[in-house]
file run30.txt (compact mmCIF, C-alpha atoms)
# COMPACT_ATOMS: atom_id res chain seq x y z
CA MET D 1 0.00 0.00 0.00
CA THR D 2 1.15 3.53 -0.61
CA ALA D 3 0.74 6.59 1.57
CA PRO D 4 -2.59 8.33 1.04
CA ASP D 5 -2.81 11.80 -0.35
CA HIS D 6 -3.04 14.66 2.05
CA LEU D 7 -5.88 15.46 4.41
CA ASP D 8 -8.08 18.40 3.39
CA PRO D 9 -10.46 18.84 6.34
CA TYR D 10 -14.05 19.67 5.48
CA THR D 11 -16.36 21.15 8.12
CA GLU D 12 -19.79 22.72 7.81
CA ARG D 13 -22.61 24.01 9.98
CA LEU D 14 -26.02 22.89 8.75
CA ARG D 15 -29.59 23.53 9.76
CA LEU D 16 -32.16 20.88 8.96
CA ARG D 17 -35.92 21.33 9.16
CA GLY D 18 -38.78 18.90 8.78
CA ARG D 19 -40.26 16.02 10.71
CA LEU D 20 -37.13 14.55 12.30
CA GLU D 21 -38.44 11.45 14.06
CA GLN D 22 -35.20 10.05 15.47
CA PRO D 23 -32.44 12.65 15.18
CA PRO D 24 -29.61 10.37 16.44
CA ASP D 25 -30.51 7.70 13.89
CA LEU D 26 -30.88 10.31 11.18
CA VAL D 27 -27.38 11.69 11.80
CA ALA D 28 -25.83 8.23 12.10
CA GLY D 29 -27.32 7.37 8.73
CA LEU D 30 -26.02 10.61 7.26
CA LEU D 31 -22.48 9.97 8.47
CA GLU D 32 -22.52 6.44 7.09
CA ASP D 33 -23.79 7.72 3.75
CA VAL D 34 -21.13 10.44 3.63
CA ALA D 35 -18.38 7.94 4.42
CA ARG D 36 -19.63 5.52 1.79
CA ARG D 37 -19.84 8.26 -0.83
CA CYS D 38 -16.30 9.41 0.03
CA ALA D 39 -14.94 5.89 -0.26
CA GLU D 40 -16.71 5.35 -3.59
CA GLY D 41 -15.59 8.81 -4.70
CA GLY D 42 -11.93 7.96 -4.34
CA ALA D 43 -10.96 8.68 -0.73
CA SER D 44 -7.85 6.67 0.07
CA LEU D 45 -8.54 6.56 3.81
CA ILE D 46 -11.49 7.43 6.02
CA GLY D 47 -10.01 9.31 8.96
CA HIS D 48 -12.98 10.45 10.99
CA VAL D 49 -16.49 11.59 10.12
CA LYS D 50 -18.20 13.21 13.09
CA ALA D 51 -21.00 15.54 14.06
CA HIS D 52 -22.48 17.44 16.98
CA ALA D 53 -26.21 18.08 16.82
CA ARG D 54 -28.59 20.29 18.75
CA THR D 55 -32.37 20.29 18.78
CA ALA D 56 -34.83 22.01 21.09
CA GLN D 57 -34.93 18.77 23.07
CA GLY D 58 -31.17 18.42 23.63
CA SER D 59 -27.86 17.60 22.02
CA PHE D 60 -25.90 14.56 20.97
CA HIS D 61 -22.84 13.64 18.97
CA CYS D 62 -22.15 10.99 16.41
CA ASN D 63 -18.96 9.65 14.90
CA LEU D 64 -17.65 7.14 12.42
CA ALA D 65 -14.05 5.96 12.12
CA SER D 66 -14.60 3.23 9.57
CA ILE D 67 -17.36 2.02 7.32
CA ARG D 68 -17.04 -1.44 8.84
CA SER D 69 -17.73 -0.18 12.37
CA GLY D 70 -20.42 2.25 11.29
CA ALA D 71 -21.60 5.39 13.06
CA HIS D 72 -22.35 5.61 16.76
CA SER D 73 -24.40 8.30 18.48
CA ALA D 74 -24.06 9.28 22.13
CA GLY D 75 -25.02 12.12 24.39
CA PRO D 76 -28.06 13.40 26.27
CA LEU D 77 -30.57 13.15 23.44
CA THR D 78 -29.69 9.53 22.71
CA VAL D 79 -30.86 8.53 26.20
CA HIS D 80 -34.36 9.87 25.62
CA PRO D 81 -34.67 10.46 21.87
CA ALA D 82 -37.40 12.86 20.89
CA PRO D 83 -38.68 14.03 17.51
CA ALA D 84 -37.70 17.50 16.43
CA ASP D 85 -38.75 19.93 13.75
CA SER D 86 -35.35 21.54 13.46
CA MET D 87 -31.75 20.57 14.12
CA ASP D 88 -28.43 22.41 13.98
CA LEU D 89 -25.66 20.10 12.89
CA ASP D 90 -21.93 20.71 12.93
CA LEU D 91 -20.23 18.26 10.64
CA ALA D 92 -16.56 17.35 10.15
CA VAL D 93 -15.41 15.05 7.36
CA LEU D 94 -11.74 14.13 7.67
CA VAL D 95 -10.82 11.87 4.79
CA TYR D 96 -7.62 11.47 2.84
CA GLY D 97 -7.31 11.79 -0.90
CA LEU D 98 -10.24 14.08 -1.70
CA PRO D 99 -10.20 17.87 -1.98
CA ARG D 100 -12.71 19.58 0.26
CA GLU D 101 -14.71 20.84 -2.74
CA THR D 102 -15.33 17.23 -3.71
CA VAL D 103 -16.25 16.32 -0.15
CA ALA D 104 -18.62 19.30 -0.01
CA ALA D 105 -20.43 18.04 -3.10
CA LEU D 106 -20.67 14.53 -1.68
CA VAL D 107 -22.02 15.87 1.61
CA GLU D 108 -24.59 17.93 -0.29
CA ASP D 109 -25.78 14.84 -2.10
CA ALA D 110 -25.98 12.92 1.16
CA VAL D 111 -27.94 15.67 2.91
CA GLU D 112 -30.31 15.87 -0.04
CA GLY D 113 -30.94 12.18 0.52
CA LEU D 114 -32.33 13.00 3.96
CA ARG D 115 -35.48 14.28 2.27
CA GLU D 116 -36.49 10.62 2.21
CA HIS D 117 -36.27 10.66 6.00
CA GLY D 118 -38.40 13.67 6.84
CA VAL D 119 -36.06 16.56 6.09
CA THR D 120 -37.95 19.16 4.09
CA GLU D 121 -35.38 21.95 4.05
CA TRP D 122 -31.72 22.36 4.80
CA VAL D 123 -29.27 25.23 4.62
CA CYS D 124 -25.73 25.96 5.63
CA ALA D 125 -26.05 27.64 9.02
CA ALA D 126 -23.98 30.59 7.89
CA HIS D 127 -26.94 31.50 5.69
CA ALA D 128 -29.66 30.57 8.16
CA PRO D 129 -31.66 32.98 10.33
CA THR D 130 -30.75 33.06 14.02
CA ASP D 131 -32.70 30.44 15.95
CA ASP D 132 -30.45 29.22 18.73
CA HIS D 133 -31.40 25.88 20.17
CA GLN D 134 -31.38 25.78 23.93
CA PRO D 135 -31.74 22.30 25.37
CA GLN D 136 -34.78 22.01 27.60
CA GLU D 137 -34.14 21.57 31.34
CA MET B 1 10.28 43.89 56.15
CA THR B 2 9.67 40.48 54.82
CA SER B 3 6.36 38.72 54.57
CA SER B 4 7.74 35.23 54.31
CA ASN B 5 5.56 34.02 57.17
CA THR B 6 2.30 35.27 55.70
CA ALA B 7 2.84 35.10 51.95
CA GLU B 8 0.72 32.74 49.93
CA PRO B 9 2.69 29.67 48.93
CA PRO B 10 3.41 29.59 45.21
CA PRO B 11 0.84 27.55 43.31
CA THR B 12 1.77 24.03 42.47
CA PRO B 13 3.08 23.86 38.90
CA MET B 14 0.58 22.49 36.42
CA ARG B 15 0.79 18.95 35.13
CA LEU B 16 0.01 18.05 31.55
CA LEU B 17 -1.63 14.94 30.23
CA VAL B 18 -1.41 14.74 26.45
CA PHE B 19 -3.77 12.46 24.53
CA ALA B 20 -2.39 11.49 21.13
CA GLY B 21 -3.75 8.99 18.64
CA PHE B 22 -5.01 8.87 15.08
CA LEU B 23 -8.29 10.39 13.92
CA GLY B 24 -11.23 8.50 15.38
CA SER B 25 -9.17 6.37 17.73
CA GLY B 26 -11.38 7.27 20.71
CA LYS B 27 -9.53 10.04 22.53
CA THR B 28 -12.59 12.13 23.42
CA SER B 29 -14.50 9.07 24.59
CA LEU B 30 -11.70 8.30 27.04
CA ILE B 31 -11.23 11.85 28.26
CA LEU B 32 -14.87 12.18 29.36
CA PRO B 33 -14.79 9.44 32.02
CA LEU B 34 -11.25 10.44 33.02
CA ALA B 35 -12.51 13.96 33.69
CA THR B 36 -15.17 12.54 35.97
CA LEU B 37 -12.56 10.51 37.83
CA LEU B 38 -10.25 13.48 38.29
CA ALA B 39 -13.08 15.70 39.47
CA ALA B 40 -14.14 13.08 42.00
CA GLY B 41 -10.58 13.10 43.32
CA GLY B 42 -10.64 16.86 43.79
CA ILE B 43 -8.17 17.47 40.97
CA ARG B 44 -8.96 20.71 39.14
CA THR B 45 -8.62 20.06 35.43
CA CYS B 46 -8.81 22.17 32.32
CA PHE B 47 -8.91 20.96 28.74
CA ILE B 48 -7.36 22.01 25.45
CA VAL B 49 -8.86 20.40 22.37
CA ASN B 50 -7.15 20.64 19.02
CA GLU B 51 -8.93 19.79 15.79
CA VAL B 52 -7.70 20.17 12.26
CA GLY B 53 -11.04 21.37 10.89
CA ASP B 54 -12.47 24.89 11.12
CA VAL B 55 -15.50 23.78 13.14
CA GLY B 56 -14.66 21.93 16.35
CA ILE B 57 -16.81 18.94 17.25
CA ASP B 58 -14.96 17.43 20.20
CA GLN B 59 -14.98 20.62 22.24
CA GLN B 60 -18.78 20.72 21.98
CA VAL B 61 -18.98 17.10 23.11
CA MET B 62 -16.79 17.91 26.10
CA ARG B 63 -18.81 21.01 26.95
CA ASP B 64 -21.93 18.83 26.88
CA GLY B 65 -20.11 16.86 29.58
CA GLY B 66 -19.71 20.00 31.68
CA LEU B 67 -15.99 20.45 31.05
CA GLU B 68 -14.10 23.73 30.76
CA VAL B 69 -12.58 23.59 27.31
CA TYR B 70 -10.23 25.76 25.29
CA GLU B 71 -10.24 24.97 21.59
CA ILE B 72 -7.58 25.31 18.95
CA THR B 73 -8.96 24.63 15.50
CA ALA B 74 -8.02 24.74 11.83
CA GLY B 75 -4.60 23.17 12.15
CA CYS B 76 -2.36 20.96 14.24
CA ILE B 77 -0.67 22.04 17.48
CA CYS B 78 2.41 19.94 16.83
CA CYS B 79 3.39 21.78 13.64
CA GLN B 80 1.12 24.60 12.38
CA LEU B 81 -0.31 26.00 15.62
CA THR B 82 2.51 25.64 18.15
CA VAL B 83 2.21 29.29 19.15
CA ASP B 84 -1.51 28.86 19.81
CA LEU B 85 -0.73 25.93 22.10
CA VAL B 86 1.74 27.77 24.32
CA THR B 87 -0.39 30.92 24.31
CA THR B 88 -3.47 28.98 25.36
CA LEU B 89 -1.54 27.17 28.06
CA GLY B 90 -0.28 30.51 29.39
CA GLU B 91 -3.82 31.87 29.45
CA ILE B 92 -4.99 28.83 31.39
CA GLU B 93 -2.18 29.21 33.91
CA THR B 94 -2.93 32.90 34.42
CA ARG B 95 -6.71 32.70 34.56
CA ILE B 96 -7.38 29.30 36.13
CA HIS B 97 -4.19 27.60 37.24
CA PRO B 98 -5.66 24.11 37.40
CA ASP B 99 -3.80 21.15 38.82
CA VAL B 100 -3.91 19.37 35.49
CA VAL B 101 -4.32 20.38 31.86
CA ILE B 102 -5.46 17.65 29.51
CA ILE B 103 -4.54 18.26 25.88
CA GLU B 104 -6.45 16.33 23.26
CA ALA B 105 -4.16 16.53 20.26
CA SER B 106 -5.42 16.38 16.72
CA GLY B 107 -5.35 12.95 15.20
CA VAL B 108 -2.42 13.87 13.01
CA ALA B 109 -0.16 15.15 15.81
CA THR B 110 2.90 13.40 17.13
CA PRO B 111 3.98 13.50 20.77
CA THR B 112 7.44 14.62 19.68
CA GLY B 113 5.99 17.62 17.89
CA ILE B 114 3.85 18.56 20.89
CA HIS B 115 6.79 18.22 23.27
CA SER B 116 8.87 20.44 20.98
CA ALA B 117 6.11 23.03 21.00
CA LEU B 118 5.94 22.90 24.79
CA ASP B 119 9.67 23.65 24.96
CA HIS B 120 8.66 27.20 24.06
CA TYR B 121 6.26 27.56 26.98
CA GLN B 122 7.20 30.70 28.93
CA GLY B 123 5.07 30.16 32.03
CA THR B 124 5.91 28.43 35.29
CA PRO B 125 7.83 25.28 34.43
CA LEU B 126 5.43 22.37 34.14
CA ALA B 127 5.59 19.75 36.89
CA ALA B 128 5.08 16.86 34.48
CA ILE B 129 4.13 16.01 30.94
CA HIS B 130 2.60 12.58 30.57
CA THR B 131 1.65 11.39 27.10
CA VAL B 132 -0.80 8.63 26.35
CA THR B 133 -1.39 7.38 22.82
CA VAL B 134 -4.72 5.83 21.94
CA VAL B 135 -4.47 3.00 19.42
CA ASP B 136 -7.46 1.75 17.43
CA PRO B 137 -6.88 -1.98 16.82
CA THR B 138 -9.67 -2.21 14.25
CA ARG B 139 -7.63 -0.05 11.86
CA ILE B 140 -4.07 -0.64 13.03
CA GLU B 141 -3.07 -2.88 10.13
CA ALA B 142 -4.19 -0.41 7.47
CA LEU B 143 -2.85 2.61 9.32
CA LEU B 144 0.56 1.07 9.87
CA ALA B 145 0.66 0.30 6.17
CA VAL B 146 -0.34 3.70 4.81
CA MET B 147 0.41 6.16 7.63
CA THR B 148 3.57 4.52 8.86
CA PRO B 149 5.63 7.47 10.18
CA LEU B 150 2.67 9.08 11.93
CA ILE B 151 1.34 5.95 13.61
CA GLU B 152 4.79 4.72 14.60
CA GLY B 153 5.66 8.18 15.91
CA GLN B 154 2.50 8.32 17.99
CA ILE B 155 3.36 4.98 19.60
CA ILE B 156 7.08 5.62 20.08
CA GLY B 157 6.47 9.05 21.64
CA ALA B 158 4.03 7.85 24.28
CA ASP B 159 4.60 7.22 27.97
CA GLU B 160 1.60 4.93 28.03
CA ILE B 161 -0.55 3.18 25.44
CA LEU B 162 -4.29 2.59 25.49
CA ILE B 163 -5.62 0.08 23.00
CA THR B 164 -9.32 0.88 22.59
CA LYS B 165 -12.43 -0.59 21.00
CA MET B 166 -11.83 -4.03 22.50
CA ASP B 167 -15.53 -4.74 22.07
CA GLU B 168 -15.23 -4.23 18.29
CA ALA B 169 -11.79 -5.62 17.49
CA THR B 170 -11.13 -9.20 16.55
CA ASP B 171 -8.55 -11.26 18.44
CA ASP B 172 -6.20 -10.98 15.46
CA GLU B 173 -6.52 -7.19 15.38
CA VAL B 174 -5.80 -6.91 19.09
CA ALA B 175 -2.79 -9.21 18.71
CA LEU B 176 -1.49 -7.08 15.85
CA ALA B 177 -1.86 -3.91 17.90
CA LEU B 178 -0.09 -5.47 20.87
CA ASP B 179 2.69 -6.74 18.61
CA ALA B 180 3.15 -3.30 17.06
CA VAL B 181 3.43 -1.64 20.45
CA ALA B 182 5.82 -4.32 21.71
CA ARG B 183 7.99 -3.88 18.61
CA LEU B 184 8.00 -0.09 18.58
CA HIS B 185 7.93 0.77 22.27
CA PRO B 186 8.45 -2.31 24.44
CA GLN B 187 8.87 -0.27 27.64
CA ALA B 188 5.47 1.39 27.43
CA PRO B 189 2.76 0.28 29.83
CA VAL B 190 -0.20 -0.97 27.78
CA HIS B 191 -3.87 -1.02 28.72
CA THR B 192 -6.65 -2.63 26.71
CA VAL B 193 -10.01 -0.94 27.15
CA SER B 194 -13.51 -0.66 25.84
CA VAL B 195 -15.42 2.52 26.59
CA HIS B 196 -18.60 0.95 25.27
CA ASP B 197 -18.80 -1.86 27.83
CA ARG B 198 -16.24 -0.30 30.21
CA ALA B 199 -14.01 -3.40 30.16
CA GLY B 200 -10.56 -2.51 31.45
CA LEU B 201 -11.54 1.13 31.73
CA ALA B 202 -11.25 1.68 35.48
CA PRO B 203 -7.65 0.50 35.91
CA ALA B 204 -6.51 2.34 32.80
CA LEU B 205 -8.06 5.63 33.87
CA SER B 206 -6.73 5.18 37.41
CA ALA B 207 -3.24 4.76 36.00
CA LEU B 208 -3.58 7.98 34.01
CA ALA B 209 -4.97 9.86 36.99
CA GLU B 210 -2.10 8.62 39.12
CA ALA B 211 0.42 9.78 36.51
CA VAL B 212 -0.73 13.39 36.87
CA ARG B 213 -1.82 13.45 40.49
CA PRO B 214 -0.28 16.52 42.24
call {"tool": "encode", "arguments": {"input": "run30.txt", "output": "structure tokens"}}
result
Amino acid sequence: MTAPDHLDPYTERLRLRGRLEQPPDLVAGLLEDVARRCAEGGASLIGHVKAHARTAQGSFHCNLASIRSGAHSAGPLTVHPAPADSMDLDLAVLVYGLPRETVAALVEDAVEGLREHGVTEWVCAAHAPTDDHQPQE
Amino acid sequence: MTSSNTAEPPPTPMRLLVFAGFLGSGKTSLILPLATLLAAGGIRTCFIVNEVGDVGIDQQVMRDGGLEVYEITAGCICCQLTVDLVTTLGEIETRIHPDVVIIEASGVATPTGIHSALDHYQGTPLAAIHTVTVVDPTRIEALLAVMTPLIEGQIIGADEILITKMDEATDDEVALALDAVARLHPQAPVHTVSVHDRAGLAPALSALAEAVRP
């Protein structure tokens, strides 16, 4: 095996809206889809794909270090999952061998695929109106 | 007139615990229960988290856990952001002066690079720097093949090794990880742990806590 190409970290802040029945499962599925698309798109090594999510009901995080192991969610909202109508999602995709523009396009495709799982609208948070999520006590 | 009888004793120098290990090896997952253990022992701890991306994820996870976190993002503290590391450490000493600072290095950092950066620290000399490298056995074969200098450097530069994900790894993968550590750094104490089912976790975390106990 040869050394992989360099790491070009991709990060993004997203806001998802819709009927999000199981946010931890939704994000785990997204991370697995992103990793699979990166691998199929030519990534030489999956480093780490991870996310931190916030809804009005609480927060959680999710990460994936290999396609074989899959994505795992943890955090307060995974203990008592609750549906949400909006979610802020910080996403980091650290893979070798793909420029971040390519990763961005793959992520966009993967997020578009969430429309099959209740997401009706999504935007990069930098372009979203202020609507800070404060976890409920 | 001297005030030697009434002056405050100088604060105990800070101790550093550096977590190294490749991307996704499980560093944050180990730091969270370690933080709980240190807090229970009355050890005041502060955290520096370094991530190579612009948006930090791990620092948010640690803040969810109630930890006081300083973040250094968009580069690596062992090469690109060495000044940020020593500046942040100085700020922590001045503002908080905890007993222990835990540094979660980026997954592409080497202990040697971090130690070199810390040579430039201008604050009170540190009481100790203890480095633990987290090794993911489920990927060790591929990583040693394609990321050889980085992974070997992370193992060689450690004072202690934690092999994680024991609940996921096969026996062959664990054996390969143990062999690699024995070949590269035979003197290093090695712990095998699983955060998921907590197997081996308590003794490993106790060993780390003991290494930085004031």
call {"tool": "closest_atom_pairs", "arguments": {"input": "run30.txt", "of": "chain B", "to": "chain D", "cutoff": "7 Å", "atoms": "only C-alpha atoms", "output": "JSON lines"}}
result
{"residue": "B:Leu23", "atom": "CA", "partner": "D:Gly47", "partner_atom": "CA", "distance": 5.4}
{"residue": "B:Gly24", "atom": "CA", "partner": "D:Ala65", "partner_atom": "CA", "distance": 5.0}
{"residue": "B:Val52", "atom": "CA", "partner": "D:Pro9", "partner_atom": "CA", "distance": 6.7}
{"residue": "B:Gly53", "atom": "CA", "partner": "D:Pro9", "partner_atom": "CA", "distance": 5.2}
{"residue": "B:Asp54", "atom": "CA", "partner": "D:Thr11", "partner_atom": "CA", "distance": 6.2}
{"residue": "B:Val55", "atom": "CA", "partner": "D:Thr11", "partner_atom": "CA", "distance": 5.7}
{"residue": "B:Ile57", "atom": "CA", "partner": "D:His52", "partner_atom": "CA", "distance": 5.9}
{"residue": "B:Val61", "atom": "CA", "partner": "D:His61", "partner_atom": "CA", "distance": 6.6}
{"residue": "B:Ala145", "atom": "CA", "partner": "D:Met1", "partner_atom": "CA", "distance": 6.2}
{"residue": "B:Val146", "atom": "CA", "partner": "D:Ala3", "partner_atom": "CA", "distance": 4.5}
{"residue": "B:Met147", "atom": "CA", "partner": "D:Ala3", "partner_atom": "CA", "distance": 6.1}
call {"tool": "write_last_selection", "arguments": {"input": "run30.txt", "atoms": "C-alpha atoms", "output": "mmCIF file, in the coordinates of the input"}}
result
data_model
loop_
_atom_site.group_PDB
_atom_site.id
_atom_site.type_symbol
_atom_site.label_atom_id
_atom_site.label_comp_id
_atom_site.auth_asym_id
_atom_site.auth_seq_id
_atom_site.Cartn_x
_atom_site.Cartn_y
_atom_site.Cartn_z
ATOM 1 C CA LEU B 23 -8.290 10.390 13.920
ATOM 2 C CA GLY B 24 -11.230 8.500 15.380
ATOM 3 C CA VAL B 52 -7.700 20.170 12.260
ATOM 4 C CA GLY B 53 -11.040 21.370 10.890
ATOM 5 C CA ASP B 54 -12.470 24.890 11.120
ATOM 6 C CA VAL B 55 -15.500 23.780 13.140
ATOM 7 C CA ILE B 57 -16.810 18.940 17.250
ATOM 8 C CA VAL B 61 -18.980 17.100 23.110
ATOM 9 C CA ALA B 145 0.660 0.300 6.170
ATOM 10 C CA VAL B 146 -0.340 3.700 4.810
ATOM 11 C CA MET B 147 0.410 6.160 7.630
#
call {"tool": "axis_aligned_box", "arguments": {"input": "run30.txt", "around": "segment 101-116 of chain D", "padding_each_side": "8 Å", "output": "lines of an AutoDock Vina configuration file"}}
result
center_x = -25.6
center_y = 15.7
center_z = 0.1
size_x = 37.8
size_y = 26.2
size_z = 23.7
call {"tool": "atom_distance", "arguments": {"input": "run30.txt", "atom1": "atom CA of Ala84 of chain D", "atom2": "atom CA of Asp25 of chain D"}}
result
12.4 Å
call {"tool": "closest_residue", "arguments": {"input": "run30.txt", "among": "B:Arg63, B:Ser106, B:Glu91, B:Pro13", "to": "Val49 of chain B", "atoms": "only C-alpha atoms"}}
result
B:Ser106
call {"tool": "closest_atom_pairs", "arguments": {"input": "run30.txt", "of": "segment 77-129 of chain D", "to": "segment 14-17 of chain D", "cutoff": "9 Å", "atoms": "all atoms listed in the file", "output": "Markdown table"}}
result
| residue | atom | partner | partner_atom | distance |
| --- | --- | --- | --- | --- |
| D:Ala84 | CA | D:Arg17 | CA | 8.4 |
| D:Asp85 | CA | D:Arg17 | CA | 5.6 |
| D:Ser86 | CA | D:Arg17 | CA | 4.3 |
| D:Met87 | CA | D:Leu16 | CA | 5.2 |
| D:Asp88 | CA | D:Arg15 | CA | 4.5 |
| D:Leu89 | CA | D:Leu14 | CA | 5.0 |
| D:Asp90 | CA | D:Leu14 | CA | 6.2 |
| D:Leu91 | CA | D:Leu14 | CA | 7.7 |
| D:Gly118 | CA | D:Arg17 | CA | 8.4 |
| D:Val119 | CA | D:Arg17 | CA | 5.7 |
| D:Thr120 | CA | D:Arg17 | CA | 5.9 |
| D:Glu121 | CA | D:Arg17 | CA | 5.2 |
| D:Trp122 | CA | D:Leu16 | CA | 4.4 |
| D:Val123 | CA | D:Arg15 | CA | 5.4 |
| D:Cys124 | CA | D:Leu14 | CA | 4.4 |
| D:Ala125 | CA | D:Leu14 | CA | 4.8 |
| D:Ala126 | CA | D:Leu14 | CA | 8.0 |
| D:Ala128 | CA | D:Arg15 | CA | 7.2 |
call {"tool": "atom_distance", "arguments": {"input": "run30.txt", "atom1": "atom CA of Asp136 of chain B", "atom2": "atom CA of Gln187 of chain B"}}
result
19.4 Å
call {"tool": "residues_near_point", "arguments": {"input": "run30.txt", "point": "(-1.3, 9.5, 19.6)", "cutoff": "9 Å", "atoms": "only C-alpha atoms", "output": "ChimeraX atom specification"}}
result
/B:18-22,25,27,105-111,131-135,150-151,153-155,157-158,161
call {"tool": "atom_distance", "arguments": {"input": "run30.txt", "atom1": "atom CA of Arg15 of chain B", "atom2": "atom CA of Tyr121 of chain B"}}
result
13.1 Å
call {"tool": "closest_residue", "arguments": {"input": "run30.txt", "among": "B:Thr88, B:Thr138, B:Thr12, B:Thr124", "to": "Cys46 of chain B", "atoms": "only C-alpha atoms"}}
result
B:Thr88
call {"tool": "residues_around", "arguments": {"input": "run30.txt", "residues": "segment 171-182 of chain B", "least_positions_apart": "6", "cutoff": "10 Å", "atoms": "all atoms listed in the file", "output": "PDB file with C-alpha atoms, in the coordinates of the input"}}
result
ATOM      1  CA  VAL B 135      -4.470   3.000  19.420  1.00  0.00           C
ATOM      2  CA  ASP B 136      -7.460   1.750  17.430  1.00  0.00           C
ATOM      3  CA  PRO B 137      -6.880  -1.980  16.820  1.00  0.00           C
ATOM      4  CA  THR B 138      -9.670  -2.210  14.250  1.00  0.00           C
ATOM      5  CA  ARG B 139      -7.630  -0.050  11.860  1.00  0.00           C
ATOM      6  CA  ILE B 140      -4.070  -0.640  13.030  1.00  0.00           C
ATOM      7  CA  GLU B 141      -3.070  -2.880  10.130  1.00  0.00           C
ATOM      8  CA  LEU B 144       0.560   1.070   9.870  1.00  0.00           C
ATOM      9  CA  GLU B 152       4.790   4.720  14.600  1.00  0.00           C
ATOM     10  CA  ILE B 155       3.360   4.980  19.600  1.00  0.00           C
ATOM     11  CA  ILE B 156       7.080   5.620  20.080  1.00  0.00           C
ATOM     12  CA  ILE B 161      -0.550   3.180  25.440  1.00  0.00           C
ATOM     13  CA  ILE B 163      -5.620   0.080  23.000  1.00  0.00           C
ATOM     14  CA  THR B 164      -9.320   0.880  22.590  1.00  0.00           C
ATOM     15  CA  LYS B 165     -12.430  -0.590  21.000  1.00  0.00           C
ATOM     16  CA  ALA B 188       5.470   1.390  27.430  1.00  0.00           C
ATOM     17  CA  PRO B 189       2.760   0.280  29.830  1.00  0.00           C
ATOM     18  CA  VAL B 190      -0.200  -0.970  27.780  1.00  0.00           C
ATOM     19  CA  HIS B 191      -3.870  -1.020  28.720  1.00  0.00           C
ATOM     20  CA  THR B 192      -6.650  -2.630  26.710  1.00  0.00           C
TER      21      THR B 192
END
